[in-house]
Structure formats: structure tokens, C-alpha cells
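Student: Please see the structure below; I have some questions.
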Amino acid sequence: MLRKCADRVGVTEALARVLPQGGPGWRDRAALLVQLAVAITLGATNLLEAEQLQLHHRPLFGAPASDSTAHRALAALDEPALARVAKARRTVRRHVWSRLRLRPGGFPWLTVAGRRLTGWIVIDLDATIITAASKKQRATVTFKKTWGFHPLAAWCANTSESLAMELRPGNAGANTVEDHLRVLEAALEQIPDSSHAKILVRVDGAGATHGLLDHLESLNTTRRTVRYTVGWKMTDTDETAIGKLPEETWETSLQQDGRLQEGYFVAELTGLNAREGWPKGMRLIVRRVRPSGRQIAKLTAFEKKTGWRYSITATNIRHMWGIAGSHQPQFLDALHRDHAEVEDRVRTNKALGLHNLPSKSWEVNRGWMLASNLAADLDAWVRLLSLHDIDDLADAEPDTMRFRLYHLPARFTKHARSRLFRIDASWPWAQAFTTAWQRLTDLPAVT
């Protein structure tokens with residue numbers, strides 16, 4: 001099913017245009033990379049396991065590439081090759097998104113606080129830690145006192161696709177402006193031109209830097225609107241401003257379904273603490289909640305005095321066109337809290353090959369990361385294009401998909417010059433598989 005999806009949406013063909021073709025004694029690099037992504041989606045955690053899975057698929061795809069061949073192919077992915085692959089991925093993404101707009105229900109717009117963000121593409125940036133069990137190239141001590149790497153990535157919240165990811169040493173800074181700008185630029189390059197009109201970028205506290213916010217403001221043009229929400233590190237100046245807020249300005253916050261979230265309160269802090277040097281028009285939204293037992297030790301003196309725990313969000317949103325009440329502090333607070341779903345994307349990508357980088361070579365690990373990103377896209381596209389109306393599979397995570405659909409109890413046979421796939425009729429998700437397979441088969445050929 002995964003290879004069917006890759007072929008029907010044009011991944012294999014697009015990569016074949018930018019990677020070396022096969023020949024005598026030479027593996028086709030595009031097919032190798034696609035099959036590696038498929039193997040990772042099926043659960044392979046290193047190159048040897050990927051070869052073993054491909055041995056199992058020999059009747060479908062022929063002789064597998066050895067782990068040493070895959071190692072050489074990934075090591076050959078230098079910067080120019082990675083740039084060409086990124087352009088190929090953008091071409092495929094444009095085709096996939098055009099198909100998503102035509103499916104029942106249309107494109108998967110986000111819903112926040114009970115309001116549908118029609119027309120808005122939401123990009124979530126976040127960094128994570130990948131631990132290493134040995135001394136691999138550029139693996140260093142991380143800020144969590146572990147050993148490994150500290151990649152920075154961007155995901156599309158609408159589709160769960162992995163837009164861009166940069167492998168970094170373990171000691172890379174959490175709020176390094178240059179890294180954020182590179183990953184953001186790469187992510188924006190992946191957005192099809194037809195969806196560039198309205199972009200929302202969400203980052204945690206690492207994004208509250210002059211360089212990143214100024215750059216986001218500079219992206220606004222007459223044809224493109226860019227909005228952001230970022231976490232904000234609270235200072236003494238902020239606490240003084242919070243202390244000046246009248247009690248009646250605090251309003252009950254909203255849950256993601258639009259209902260009131262009792263016990264949580266939100267207020268506008270903009271204007272009470274002058275912030276020089278930050279983008280003009282930036283707003284600060286403060287949230288308060290009674291601290292839990294484990295949070296008491298981390299409270300500031302001001303928080304201990306007031307009995308509340310505070311957090312602040314910075315944003316340039318004055319109004320989101322087409323969304324009623326998008327200027328309200330309660331909505332902006334809920335909009336930024338929805339960014340927490342990026343942790344699901346991090347966990348999912350680690351389940352799709354990023355839990356451990358398999359090689360001592362930096363270049364091979366970088367290539368493996370690319371294959372993992374392709375695996376995340378394939379997994380997302382299978383669900384978006386063929387399982388969107390099946391409730392228990394539309395948002396299923398990799399382990400669920402592997403158990404129910406990817407590893408299927410069935411037999412592959414041949415009869416009368418036809419190849420037959422015989423599925424056990426007692427398998428609870430047999431109908432879901434055949435439905436998904438037929439939908440992928442019916443996708444129009446890429447032109």
C-alpha cells in the first residue's frame with residue numbers, strides 16, 4: 001500500500017528525475033530511497049532491518065538493495081542532492097494537496113476553539129533530542145545532559161506532513177536564530193504557491209527572538225499574510241505589568257471545542273509594559289492557572305505571592321480574515337496552546353525512524369533523516385487520501401497502522417497470469433484495507 005501511494009502521487013517519478021538512474025551494477029537511487037522510506041514506515045530501525053524487510057517483499061519489488069548499498073546511497077546525498085530532493089518533494093506535495101481539495105470534506109483545515117481556520121496553513125516549529133548510544137559524528141552532550149543530536153524541524157499542522165528538518169549537533173542552541181530561519185525557509189518552500197496566501201507560524205519560547213520575529217514580519221506582502229504565535233519568557237517587567245491588571249480584565253479561557261475552560265483565565269497585557277526593539281504591533285497575551293504540586297518549587301516570588309502560575313504568548317494577530325473573534329485574547333490563547341500537538345508530530349517521527357540514527361557517519365544519518373521524513377509523508381498521505389472517513393484510522397499513529405493495515409495477514413499468489421492478494425476475511429480491518437487500496441489505485445496519474 002505504501003509503495004502504491006508513493007507511485008500514484010508521483011514520489012518515485014519525481015525522485016527519479018533528480019537522483020542517479022540505475023544501470024549495470026548500479027542501483028536506481030530513487031527506487032532505493034522510496035523502498036527505504038517504506039521499510040522505515042513498516043518499522044525498520046536501521047539499514048540491515050530495511051534490507052530484511054525488502055527481502056520479504058522480493059516477489060513484489062525484486063531483489064533488495066543491501067545495507068551497504070543503502071549506506072553508500074545515503075552518504076552520497078550532499079547539499080546539492082538534498083536541494084534537488086526538496087524541490088521534488090514540493091512538486092509531489094502540490095499534487096497531493098490538489099487531490100485533498102477534491103476529496104469529500106475538502107482540505108483538512110484546522111479547528112481551534114470551535115472555529116475553523118479556513119484558508120490558513122499552519123506551520124509548527126520545534127526541536128527535539130535524539131539520543132545516541134555511541135560516539136557518532138557530531139553527537140555531543142545535550143541541554144538535557146544526554147548524549148546525541150538536537151534536530152530542529154517544521155511540520156504542517158493541517159496534514160501532519162514533515163516539511164523540513166535540520167540535523168544539528170547535540171549542543172545546538174534551542175533559540176538559535178539562524179537555524180530557525182533556515183528551517184522556516186525550507187518549510188515555506190514546501191508550501192505550494194496556491195496555499196501561500198495565509199500562513200500561521202507557531203513556535204514555543206525558543207522562537208521569541210528579535211531575528212525570527214522581524215523576519216516573520218518581513219514576509220508579509222500584498223499577496224501573502226504571515227501571522228505568528230510564540231512563547232514568551234516572563235521577566236520582572238512582565239510581572240510588574242501583570243500586577244497592574246484589574247481583576248475584571250481576566251476572562252475564562254476556551255477549550256479547543258469552544259467551551260469555557262473553568263479555572264483558567266486569560267488577559268491582554270499589551271500596552272502595560274513597553275517593549276522597545278520588538279516588532280510594532282506585537283501583542284502579549286497572559287494566561288494564569290492555579291499551580292499543581294510539582295510546579296510549586298519552580299514558581300517565582302511574584303507567582304508565590306499571587307497564588308497563580310503565569311505564561312505569556314506573543315503574537316502579531318490583530319485579526320485573521322474570515323475567522324470571527326480571532327482578535328480576542330481567549331481565542332489567541334487557545335490558538336497557541338494548540339501548538340502543543342507538535343509533540344505528537346515529534347513522537348510520530350521518532351516512531352518512523354528517528355528514535356535512533358543508525359550510522360556513525362553524519363552524512364548517512366542526515367540521509368536517514370530524509371528517508372524518515374519521506375516515511376512520515378507517505379504515512380500521512382495514505383491516511384489523508386484513502387482513510388479520511390474511517391474514524392479509527394484517519395488519525396491513527398504508526399504502530400496502529402502497522403498492526404491494522406501495513407502488516408496484513410494475507411497471501412500473495414499468481415493465477416492465470418494475474419497476481420492475487422488474498423486477505424483473511426476474518427481480519428477486522430480487511431474492508432478498510434481494500435477501500436484504501438481501491439482509492440489509491442483510482443488516483444489519477446501525475447502529469
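Naming works like this for the C-alpha cells: A, B, ... for the chains as they're shown, residue 1 at the start of each chain, ligands 1 onward in shown order.
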As a ChimeraX atom specification, which residues of region 101-314 of chain A does DSSP assign to strand (DSSP E)?
Tutor: /A:111-112,115-116,121-127,130-131,140-141,147-149,152-156,162-166,198-203,225-232,251-254,260-268,283-289,309-314
Student: Can you check which residues of region 222-338 of chain A DSSP gives as alpha helix (DSSP H) on the backbone and send them as a VMD selection string?
Tutor: chain A and resid 236 to 243 301 to 306 329 to 337
Student: Leu354 (chain A): which residues within 8 Å, counting only C-alpha atoms, same-chain residues fewer than 3 positions away excluded, as a list in words?
Tutor: Ile130, Asn349, Lys350, Ala351, Leu357, Met369 and Ser372 of chain A
Student: Excluding same-chain residues fewer than 3 positions from region 74-82 of chain A, what lies within 6 Å of it counting only C-alpha atoms, as a list in words?
Tutor: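 With the cut-off at 6 Å, the set is His71, Val85, Glu363, Val364 and Gly367 of chain A.
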Student: Would you kindly return, as number ranges by chain, each protein, DNA or RNA residue with an atom no farther than 9 Å from any atom of Tyr264 (chain A), considering only C-alpha atoms and excluding same-chain residues fewer than 5 positions away?
Tutor: A: 251-254, 287-290
Student: How would the residues just chosen look if you wrote them out with C-alpha atoms as a tab-separated table (two decimals), in the first residue's frame?
Tutor:
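To be explicit, this is the file written out as selection.tsv:
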chain	number	residue	atom	x	y	z
A	251	GLU	CA	-11.65	36.21	31.24
A	252	THR	CA	-12.20	32.46	31.35
A	253	SER	CA	-10.13	30.70	28.69
A	254	LEU	CA	-11.53	28.42	25.99
A	287	ARG	CA	-2.65	33.16	30.99
A	288	ARG	CA	-2.96	32.19	34.65
A	289	VAL	CA	-3.81	28.94	36.42
A	290	ARG	CA	-3.51	27.57	39.92
Student: Do you know which residues are at most 10 Å from Ala340 (chain A) counting only C-alpha atoms, after dropping those on the same chain fewer than 5 positions away, and could you put them as a ChimeraX atom specification?
Tutor: /A:124,126,202-204,335,345
Student: In Å, rounded to a single decimal, give me how far CA of Arg227 (chain A) is from CA of Ile317 (chain A).
Tutor: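 So the two atoms, CA of Ile317 (chain A) and CA of Arg227 (chain A), lie 6.0 Å apart.
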Student: Region 313-395 of chain A near region 162-173 of chain A within 9 Å: what's each residue's closest atom pair and its distance in Å to one decimal, counting only C-alpha atoms, ordered by chain then ascending residue number, as a Markdown table?
Tutor:
| residue | atom | partner | partner_atom | distance |
| --- | --- | --- | --- | --- |
| A:Arg345 | CA | A:Ser162 | CA | 8.3 |
| A:Asn349 | CA | A:Ser162 | CA | 8.3 |
| A:Trp362 | CA | A:Leu167 | CA | 8.9 |
| A:Asn365 | CA | A:Leu167 | CA | 8.4 |
| A:Arg366 | CA | A:Leu167 | CA | 6.4 |
| A:Met369 | CA | A:Leu167 | CA | 7.8 |
| A:Leu370 | CA | A:Met165 | CA | 8.0 |
| A:Asn373 | CA | A:Ser162 | CA | 5.7 |
| A:Leu374 | CA | A:Ser162 | CA | 7.8 |
| A:Ala376 | CA | A:Ser162 | CA | 6.4 |
| A:Asp377 | CA | A:Ser162 | CA | 6.3 |
Student: Produce a file of the selected residues containing all heavy atoms, as an mmCIF file, in the first residue's frame.
Tutor:
data_model
loop_
_atom_site.group_PDB
_atom_site.id
_atom_site.type_symbol
_atom_site.label_atom_id
_atom_site.label_comp_id
_atom_site.auth_asym_id
_atom_site.auth_seq_id
_atom_site.Cartn_x
_atom_site.Cartn_y
_atom_site.Cartn_z
ATOM 1 N N ARG A 345 3.670 15.167 16.671
ATOM 2 C CA ARG A 345 4.449 15.014 15.446
ATOM 3 C C ARG A 345 5.866 14.527 15.778
ATOM 4 O O ARG A 345 6.425 13.704 15.048
ATOM 5 C CB ARG A 345 4.519 16.355 14.705
ATOM 6 C CG ARG A 345 3.200 17.026 14.409
ATOM 7 C CD ARG A 345 2.479 16.377 13.265
ATOM 8 N NE ARG A 345 1.847 15.107 13.622
ATOM 9 C CZ ARG A 345 0.710 15.008 14.308
ATOM 10 N NH1 ARG A 345 0.086 16.077 14.746
ATOM 11 N NH2 ARG A 345 0.196 13.811 14.584
ATOM 12 N N ASN A 349 7.315 11.023 14.398
ATOM 13 C CA ASN A 349 8.530 10.936 13.576
ATOM 14 C C ASN A 349 9.571 10.029 14.217
ATOM 15 O O ASN A 349 10.320 9.339 13.522
ATOM 16 C CB ASN A 349 9.106 12.327 13.343
ATOM 17 C CG ASN A 349 8.664 12.941 12.028
ATOM 18 O OD1 ASN A 349 9.277 13.846 11.508
ATOM 19 N ND2 ASN A 349 7.566 12.427 11.478
ATOM 20 N N TRP A 362 27.903 11.223 9.781
ATOM 21 C CA TRP A 362 26.964 12.351 9.795
ATOM 22 C C TRP A 362 26.144 12.380 8.514
ATOM 23 O O TRP A 362 24.932 12.590 8.534
ATOM 24 C CB TRP A 362 27.736 13.648 9.965
ATOM 25 C CG TRP A 362 26.919 14.900 9.835
ATOM 26 C CD1 TRP A 362 26.717 15.631 8.705
ATOM 27 C CD2 TRP A 362 26.185 15.560 10.864
ATOM 28 N NE1 TRP A 362 25.910 16.702 8.962
ATOM 29 C CE2 TRP A 362 25.568 16.703 10.284
ATOM 30 C CE3 TRP A 362 25.998 15.332 12.218
ATOM 31 C CZ2 TRP A 362 24.781 17.580 11.008
ATOM 32 C CZ3 TRP A 362 25.205 16.212 12.954
ATOM 33 C CH2 TRP A 362 24.602 17.317 12.346
ATOM 34 N N ASN A 365 23.521 9.579 8.462
ATOM 35 C CA ASN A 365 22.435 9.901 9.394
ATOM 36 C C ASN A 365 21.535 11.005 8.841
ATOM 37 O O ASN A 365 20.313 10.981 9.036
ATOM 38 C CB ASN A 365 23.002 10.316 10.747
ATOM 39 C CG ASN A 365 23.525 9.130 11.541
ATOM 40 O OD1 ASN A 365 23.070 7.999 11.354
ATOM 41 N ND2 ASN A 365 24.483 9.375 12.415
ATOM 42 N N ARG A 366 22.140 11.962 8.146
ATOM 43 C CA ARG A 366 21.340 13.012 7.514
ATOM 44 C C ARG A 366 20.466 12.429 6.408
ATOM 45 O O ARG A 366 19.287 12.806 6.252
ATOM 46 C CB ARG A 366 22.262 14.102 6.964
ATOM 47 C CG ARG A 366 21.540 15.312 6.412
ATOM 48 C CD ARG A 366 22.535 16.375 5.980
ATOM 49 N NE ARG A 366 23.466 15.855 4.969
ATOM 50 C CZ ARG A 366 24.481 16.563 4.459
ATOM 51 N NH1 ARG A 366 24.701 17.796 4.885
ATOM 52 N NH2 ARG A 366 25.267 16.037 3.539
ATOM 53 N N MET A 369 17.604 10.585 7.995
ATOM 54 C CA MET A 369 16.597 11.539 8.451
ATOM 55 C C MET A 369 15.682 11.943 7.294
ATOM 56 O O MET A 369 14.460 12.054 7.465
ATOM 57 C CB MET A 369 17.268 12.780 9.053
ATOM 58 C CG MET A 369 16.310 13.768 9.705
ATOM 59 S SD MET A 369 17.183 15.200 10.395
ATOM 60 C CE MET A 369 17.673 16.008 8.863
ATOM 61 N N LEU A 370 16.252 12.149 6.103
ATOM 62 C CA LEU A 370 15.439 12.453 4.930
ATOM 63 C C LEU A 370 14.490 11.295 4.616
ATOM 64 O O LEU A 370 13.305 11.511 4.347
ATOM 65 C CB LEU A 370 16.341 12.729 3.728
ATOM 66 C CG LEU A 370 15.634 12.850 2.368
ATOM 67 C CD1 LEU A 370 14.647 14.012 2.373
ATOM 68 C CD2 LEU A 370 16.655 13.005 1.250
ATOM 69 N N ASN A 373 11.684 11.376 6.959
ATOM 70 C CA ASN A 373 10.710 12.413 6.614
ATOM 71 C C ASN A 373 9.809 11.966 5.464
ATOM 72 O O ASN A 373 8.600 12.235 5.462
ATOM 73 C CB ASN A 373 11.432 13.708 6.228
ATOM 74 C CG ASN A 373 12.125 14.352 7.414
ATOM 75 O OD1 ASN A 373 11.830 14.055 8.559
ATOM 76 N ND2 ASN A 373 13.079 15.227 7.139
ATOM 77 N N LEU A 374 10.389 11.284 4.481
ATOM 78 C CA LEU A 374 9.577 10.727 3.399
ATOM 79 C C LEU A 374 8.601 9.683 3.936
ATOM 80 O O LEU A 374 7.453 9.601 3.487
ATOM 81 C CB LEU A 374 10.479 10.094 2.339
ATOM 82 C CG LEU A 374 11.293 11.048 1.466
ATOM 83 C CD1 LEU A 374 12.285 10.257 0.614
ATOM 84 C CD2 LEU A 374 10.389 11.883 0.575
ATOM 85 N N ALA A 376 7.282 9.672 6.926
ATOM 86 C CA ALA A 376 6.206 10.397 7.602
ATOM 87 C C ALA A 376 5.197 10.934 6.606
ATOM 88 O O ALA A 376 3.977 10.908 6.850
ATOM 89 C CB ALA A 376 6.796 11.536 8.442
ATOM 90 N N ASP A 377 5.689 11.430 5.467
ATOM 91 C CA ASP A 377 4.780 11.932 4.432
ATOM 92 C C ASP A 377 3.940 10.803 3.842
ATOM 93 O O ASP A 377 2.727 10.955 3.639
ATOM 94 C CB ASP A 377 5.579 12.619 3.323
ATOM 95 C CG ASP A 377 6.057 14.010 3.726
ATOM 96 O OD1 ASP A 377 5.632 14.492 4.795
ATOM 97 O OD2 ASP A 377 6.844 14.600 2.977
#
Student: Write out as number ranges by chain which residues come within 12 Å of Thr111 (chain A) when counting only C-alpha atoms, dropping same-chain ones fewer than 6 positions away.
Tutor: A: 117-122, 157-158, 255-258, 323, 331, 334-335, 338
Student: Keeping only N, CA and C atoms, write the selected residues as a short mmCIF file (atom, residue, chain, number, x, y, z; two decimals), in the first residue's frame.
Tutor:
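Produced file result.cif, reproduced below:
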data_model
loop_
_atom_site.label_atom_id
_atom_site.label_comp_id
_atom_site.auth_asym_id
_atom_site.auth_seq_id
_atom_site.Cartn_x
_atom_site.Cartn_y
_atom_site.Cartn_z
N LEU A 117 -10.25 27.26 10.75
CA LEU A 117 -9.28 28.20 10.18
C LEU A 117 -9.17 27.99 8.67
N THR A 118 -10.27 28.22 7.98
CA THR A 118 -10.31 28.01 6.55
C THR A 118 -9.33 28.93 5.83
N GLY A 119 -8.51 28.34 4.97
CA GLY A 119 -7.56 29.11 4.18
C GLY A 119 -6.21 29.30 4.83
N TRP A 120 -6.05 28.92 6.09
CA TRP A 120 -4.80 29.15 6.81
C TRP A 120 -3.97 27.87 6.87
N ILE A 121 -2.72 27.98 6.40
CA ILE A 121 -1.76 26.89 6.53
C ILE A 121 -0.94 27.15 7.79
N VAL A 122 -0.92 26.17 8.69
CA VAL A 122 -0.28 26.34 10.00
C VAL A 122 1.01 25.53 10.04
N ALA A 157 0.64 21.54 10.44
CA ALA A 157 -0.37 21.09 11.39
C ALA A 157 -1.63 20.62 10.69
N ASN A 158 -1.90 21.13 9.49
CA ASN A 158 -3.11 20.73 8.76
C ASN A 158 -3.07 19.27 8.34
N GLN A 255 -11.61 26.01 25.73
CA GLN A 255 -11.11 24.72 25.31
C GLN A 255 -11.07 24.66 23.79
N GLN A 256 -10.48 23.62 23.25
CA GLN A 256 -10.34 23.52 21.80
C GLN A 256 -11.67 23.28 21.09
N ASP A 257 -12.69 22.86 21.83
CA ASP A 257 -14.01 22.70 21.21
C ASP A 257 -14.88 23.94 21.37
N GLY A 258 -14.31 25.01 21.96
CA GLY A 258 -15.04 26.27 22.09
C GLY A 258 -15.73 26.46 23.42
N ILE A 323 -12.30 34.68 10.14
CA ILE A 323 -12.49 33.95 11.40
C ILE A 323 -13.05 34.91 12.44
N PHE A 331 -9.28 33.41 22.23
CA PHE A 331 -9.01 32.65 21.02
C PHE A 331 -7.50 32.54 20.77
N ALA A 334 -5.97 29.97 23.02
CA ALA A 334 -6.27 28.60 22.56
C ALA A 334 -5.49 28.26 21.29
N LEU A 335 -5.31 29.24 20.42
CA LEU A 335 -4.59 29.03 19.17
C LEU A 335 -3.15 28.63 19.45
N ASP A 338 -2.79 25.12 21.07
CA ASP A 338 -2.93 24.03 20.10
C ASP A 338 -1.58 23.63 19.51
#
Student: Closest to Leu272 (chain A) among A:Val96, A:Leu284, A:Ala375, A:Ile129, using only C-alpha atoms?
Tutor: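 For Leu272 (chain A), the nearest of the candidates is A:Leu284.
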Student: Which distance in Å separates CA of Leu60 (chain A) and CA of Phe421 (chain A), to one decimal?
Tutor: 11.2 Å
